[in-house]
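Undergrad: Handing you a structure now.
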Amino acid sequence: MLAIETHELVKQYKNGVRALDNLNLEVNKGEIFSLLGPNGAGKSSLINILTTFYKPTSGNVTMLGKDICKEPAWVRTQIACVAQHISIDEHLSLMENMMFQSRLYKVDPKVAKIRINSLIDIFELSRYLKYPIASYSGGVKRRLDIAMNMVSMPKILFLDEPTVGMDAMSRKAMWEMLLKIRDEYGTTIFLTTHYLEEADRLSDTICIMKDGKEVVQGTLKSLRGYIKQNMLCIAFSSTGEAKKYKGILENIEITKFADVRDNSVALGVDDSRASFTMVNKWLLEHHVAFYAIEIVEPSLEDVFLALTGSEENRGGDAYDEYFVEKYKMEI
Amino acid sequence: MMNILWRNIKWRFENKFTIIITILQPLLWLVLYSAVAGSTMKDTGITNYTAFILPGVMFLVTFSSCTSGGIMNFLMKSNGSFYRILISPVSRSSIVFAQMLESILVSFFEVTILYVVSILFSVNINSGILGIVFIAILIFLLAFFLSGLAYAISLCLPNEVVYETVMTAIVLPIFFLSSALFPPENLSGGLAVAVKLNPFTHVINALRSLIFREKIVFSEVLPIILLFVLMCCGSYALAMWRLKKETNV
């Protein structure tokens with residue numbers, strides 16, 4: 001059964017901006033669904049509509065079989081949303097925040113206490129109970145934010161860039177928790193993220209959006225197959241060297257695109273085997289000092305870049321960080 | 001509704017300075033201004049000038065308390081709880097009522113402090129217990145109206161600074177163009193019309209009547225209650241409309 005289904009969804013703001021343009025999405029129950037897209041793709045507008053905050057201009061949204069425009073009150077009982085910015089009342093204690101949230105969702109006080117204790121354990125918050133919220137680190141606040149939103153045991157949990165600003169360790173711990181939420185509670189998780197590695201590690205289904213439309217939706221495997229991208233990766237002694245040859249390599253006629261990743265240049269080509277020979281020959285003939293050349297599988301980045309256009313659309317630091325991390329592992 | 005009210009009261013307790021800030025100016029009016037201006041008002045037949053300006057100062061403190069209630073919208077928007085509450089299964093009316101009720105409770109608290117202070121200046125409510133009940137009703141209606149208005153205005157404006165400026169720009173003309181500080185009988189021309197058209201003049205007059213007269217003059221009090229009930233309906237409708245507009249962009 002589908003948890004969320006949108007059909008020809010349009011959101012046009014009063015200032016004329018068309019944030020969503022006939023968007024069609026399908027989210028299965030109990031899966032982690034990641035929404036990717038460059039800045040301005042319409043991700044936040046979509047979350048705001050799905051969480052009943054904004055009304056769509058036209059189109060249909062069905063959530064757990066019910067129309068969200070006709071039954072927003074019922075839909076609100078079934079969902080929770082961890083917003084982009086941490087939403088905790090700092091004048092309340094950890095326990096008071098959890099209780100406040102449970103009362104917002106009319107959870108029976110006895111049930112709420114049991115759930116709160118269980119969530120405090122799952123999210124490893126017990127040692128922070130006696131401290132004021134203001135003294136918590138960003139990572140702990142984010143964990144509390146998610147724990148609070150789980151108090152009502154929502155059928156669908158929306159997470160808008162949940163790991164922004166977290167260090168690598170906290171981010172990985174958060175991924176474990178999200179997987180736990182899906183597996184232990186059967187919660188459908190709908191998340192938007194700028195970290196492609198996050199989508200890569202967590203998602204059952206990925207949707208890439210651009211200009212308010214879905215560009216492609218499917219499993220990571222199917223997305224890789226979707227672009228059928230052949231790629232070569234040429235490693236150099238340094239990033240400087242890689243940057244130096246990037247400009248030259250992207251002007252070779254077989255190259256569809258070139259991208260510097262750490263100390264390597266990734267080339268998108270049509271036929272990886274033929275291109276491998278040709279580029280290898282070209283490098284040797286031009287006495288280019290390279291460390292290695294290999295045929296590589298497209299990453300989610302490649303899918304993303306190929307489908308959303310250019311590097312201009314990349315989300316900045318988040319992508320750069322990912323490139324560095326991922327290619328360190330691959331090379 | 002009680003859940004949000006509890007949370008707002010907790011916020012108020014954690015931020016006690018908001019009570020001090022809102023009561024400080026009215027308290028100064030009550031203590032200092034009445035002492036200084038009282039001597040010049042003896043010729044007008046006002047026996048106790050502190051008692052005379054108490055209703056106007058009650059209006060001022062109620063306005064300040066309700067204005068500080070509107071500030072909560074900005075804080076809630078900046079910490080994300082505004083969005084979190086709006087997507088929860090709490091009715092829009094409960095959200096608005098809870099916030100207005102908190103402002104009303106703060107208003108009552110501060111009005112009580114003013115009254116206790118004014119007792120030190122020999123202020124007495126001559127109409128007795130029933131008079132106090134009517135004063136409470138009038139203060140409730142006044143606070144209800146002002147908190148709804150403050151709620152709606154706060155949702156129209158971009159930040160706290162603009163909001164505070166706008167609210168100050170509203171309260172001062174209303175305060176000075178009312179019978180808060182002087183008997184309006186001697187006014188003439190445009191000023192007299194402006195003071196008469198100001199609904200707060202009438203609520204101040206009604207409160208004053210309850211303080212000074214031993215018998216409650218219902219013909220002076222009941223029409224004002226009716227007027228403010230209508231104004232409260234309008235203010236609540238405005239607050240609800242503005243909240244709904246937040247999600248209709």
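Residue names in the structure tokens use chain letters A, B, ... in the order shown, residue numbers from 1 in each chain, and ligand numbers from 1 in the order shown.
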Got a sec to pull out which chain B residues are within 8 Å of chain A, counting only C-alpha atoms, and send them as an MDAnalysis selection string?
TA: chainID B and resid 3:4 7 10:11 14 79:81 83:90 247:249
Undergrad: Could you tell me how far atom CA of A:Ile254 sits from atom CA of A:Leu223, in Å to one decimal place?
TA: 23.0 Å
Undergrad: How far is it from atom CA of B:Val111 to atom CA of B:Thr62, in Å with one decimal?
TA: 7.4 Å
Undergrad: Leaving out A:Leu267 and any residue of its chain fewer than 6 positions from it, which residues lie within 7 Å of it when counting only C-alpha atoms, given as a VMD selection string?
TA: chain A and resid 231 to 233 255 257 to 259
Undergrad: Take the residues from that selection and put them in a file with N, CA and C atoms, as a compact mmCIF listing (two decimals), in the first residue's frame.
TA:
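Printed below is selection.txt as written:
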# COMPACT_ATOMS: atom_id res chain seq x y z
N MET A 231 31.77 5.69 -17.10
CA MET A 231 32.68 6.68 -16.52
C MET A 231 34.10 6.16 -16.40
N LEU A 232 35.01 7.08 -16.59
CA LEU A 232 36.43 6.79 -16.36
C LEU A 232 36.88 7.67 -15.21
N CYS A 233 37.83 7.13 -14.43
CA CYS A 233 38.39 7.94 -13.35
C CYS A 233 39.92 7.92 -13.48
N THR A 255 34.41 13.07 -24.41
CA THR A 255 34.01 13.41 -23.04
C THR A 255 32.66 14.12 -23.00
N PHE A 257 31.22 14.92 -19.82
CA PHE A 257 31.47 15.90 -18.76
C PHE A 257 32.71 15.48 -17.98
N ALA A 258 33.33 16.44 -17.33
CA ALA A 258 34.50 16.14 -16.51
C ALA A 258 34.31 16.79 -15.15
N ASP A 259 34.81 16.10 -14.13
CA ASP A 259 34.62 16.62 -12.78
C ASP A 259 35.82 16.26 -11.91
Undergrad: Using DSSP on the backbone coordinates, identify all residues within stretch 10-234 of chain B classified as alpha helix (DSSP H); present the result as a PyMOL selection string.
TA: chain B and resi 10-14+17-28+34-38+49-79+81-86+92-119+128-156+160-176+189-197+199-212+218-234
Undergrad: Can you pull out the residues contacting stretch 124-134 of chain B? Cut-off 8 Å, using only C-alpha atoms, and skip same-chain residues under 5 positions away; I want them as a VMD selection string.
TA: chain B and resid 51 119 210 to 216
Undergrad: Atoms to include: C-alpha atoms. Write the selected residues as a PDB file, in the first residue's frame.
TA:
ATOM      1  CA  ALA B  51      -7.608  56.607  41.700  1.00  0.00           C
ATOM      2  CA  ILE B 119      -4.124  50.871  47.764  1.00  0.00           C
ATOM      3  CA  LEU B 210     -16.915  51.483  39.307  1.00  0.00           C
ATOM      4  CA  ILE B 211     -14.019  52.826  41.376  1.00  0.00           C
ATOM      5  CA  PHE B 212     -15.558  56.161  42.407  1.00  0.00           C
ATOM      6  CA  ARG B 213     -19.281  55.491  42.695  1.00  0.00           C
ATOM      7  CA  GLU B 214     -20.771  53.506  45.520  1.00  0.00           C
ATOM      8  CA  LYS B 215     -23.620  52.297  43.369  1.00  0.00           C
ATOM      9  CA  ILE B 216     -23.029  50.587  40.043  1.00  0.00           C
TER      10      ILE B 216
END
Undergrad: Pick from B:Leu181, B:Leu172, B:Ile135, B:Val166: nearest to B:Val221, with only C-alpha atoms counted?
TA: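 The closest residue to B:Val221 is B:Ile135.
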Undergrad: I need the strand (DSSP E) residues of stretch 21-234 of chain A per DSSP on the backbone, written as a VMD selection string.
TA: chain A and resid 21 to 28 32 to 36 58 to 63 66 to 67 79 to 82 156 to 160 188 to 192 205 to 210 213 to 218 230 to 234
Undergrad: For the residues selected in the previous step, produce a file with C-alpha atoms as a CSV table (one decimal), in the first residue's frame.
TA:
chain,number,residue,atom,x,y,z
A,21,ASP,CA,4.9,21.8,-11.4
A,22,ASN,CA,2.7,18.7,-11.9
A,23,LEU,CA,4.7,16.6,-9.5
A,24,ASN,CA,3.9,12.9,-9.3
A,25,LEU,CA,5.3,10.8,-6.5
A,26,GLU,CA,4.7,7.4,-4.9
A,27,VAL,CA,6.0,6.5,-1.5
A,28,ASN,CA,5.5,3.0,-0.2
A,32,ILE,CA,12.8,5.3,3.6
A,33,PHE,CA,12.1,7.7,0.8
A,34,SER,CA,14.7,10.3,0.0
A,35,LEU,CA,14.0,13.4,-1.9
A,36,LEU,CA,17.0,15.0,-3.7
A,58,SER,CA,-4.0,22.1,-7.8
A,59,GLY,CA,-3.5,18.4,-8.0
A,60,ASN,CA,-4.1,15.6,-5.6
A,61,VAL,CA,-2.3,14.3,-2.5
A,62,THR,CA,-3.4,11.1,-0.9
A,63,MET,CA,-1.8,10.1,2.4
A,66,LYS,CA,-7.0,9.9,2.4
A,67,ASP,CA,-7.0,13.2,0.6
A,79,ILE,CA,2.3,12.3,10.7
A,80,ALA,CA,5.1,14.2,12.4
A,81,CYS,CA,7.8,16.4,10.9
A,82,VAL,CA,11.3,17.1,12.0
A,156,ILE,CA,4.8,8.8,8.4
A,157,LEU,CA,7.8,10.8,9.7
A,158,PHE,CA,9.0,13.7,7.6
A,159,LEU,CA,12.6,14.8,8.0
A,160,ASP,CA,13.8,18.0,6.3
A,188,THR,CA,7.5,5.4,6.7
A,189,ILE,CA,10.3,7.9,6.5
A,190,PHE,CA,10.3,10.7,4.0
A,191,LEU,CA,13.5,12.7,4.0
A,192,THR,CA,15.0,15.5,2.1
A,205,THR,CA,13.6,4.7,-2.9
A,206,ILE,CA,15.1,7.9,-4.2
A,207,CYS,CA,13.4,10.7,-6.0
A,208,ILE,CA,15.4,13.4,-7.8
A,209,MET,CA,13.5,16.7,-8.3
A,210,LYS,CA,14.3,19.7,-10.5
A,213,LYS,CA,9.1,18.2,-11.2
A,214,GLU,CA,10.3,14.7,-10.5
A,215,VAL,CA,13.2,13.9,-12.8
A,216,VAL,CA,13.4,10.3,-11.8
A,217,GLN,CA,12.2,8.0,-9.0
A,218,GLY,CA,13.4,4.5,-8.1
A,230,ASN,CA,29.9,5.1,-18.5
A,231,MET,CA,32.7,6.7,-16.5
A,232,LEU,CA,36.4,6.8,-16.4
A,233,CYS,CA,38.4,7.9,-13.3
A,234,ILE,CA,42.0,9.2,-13.8
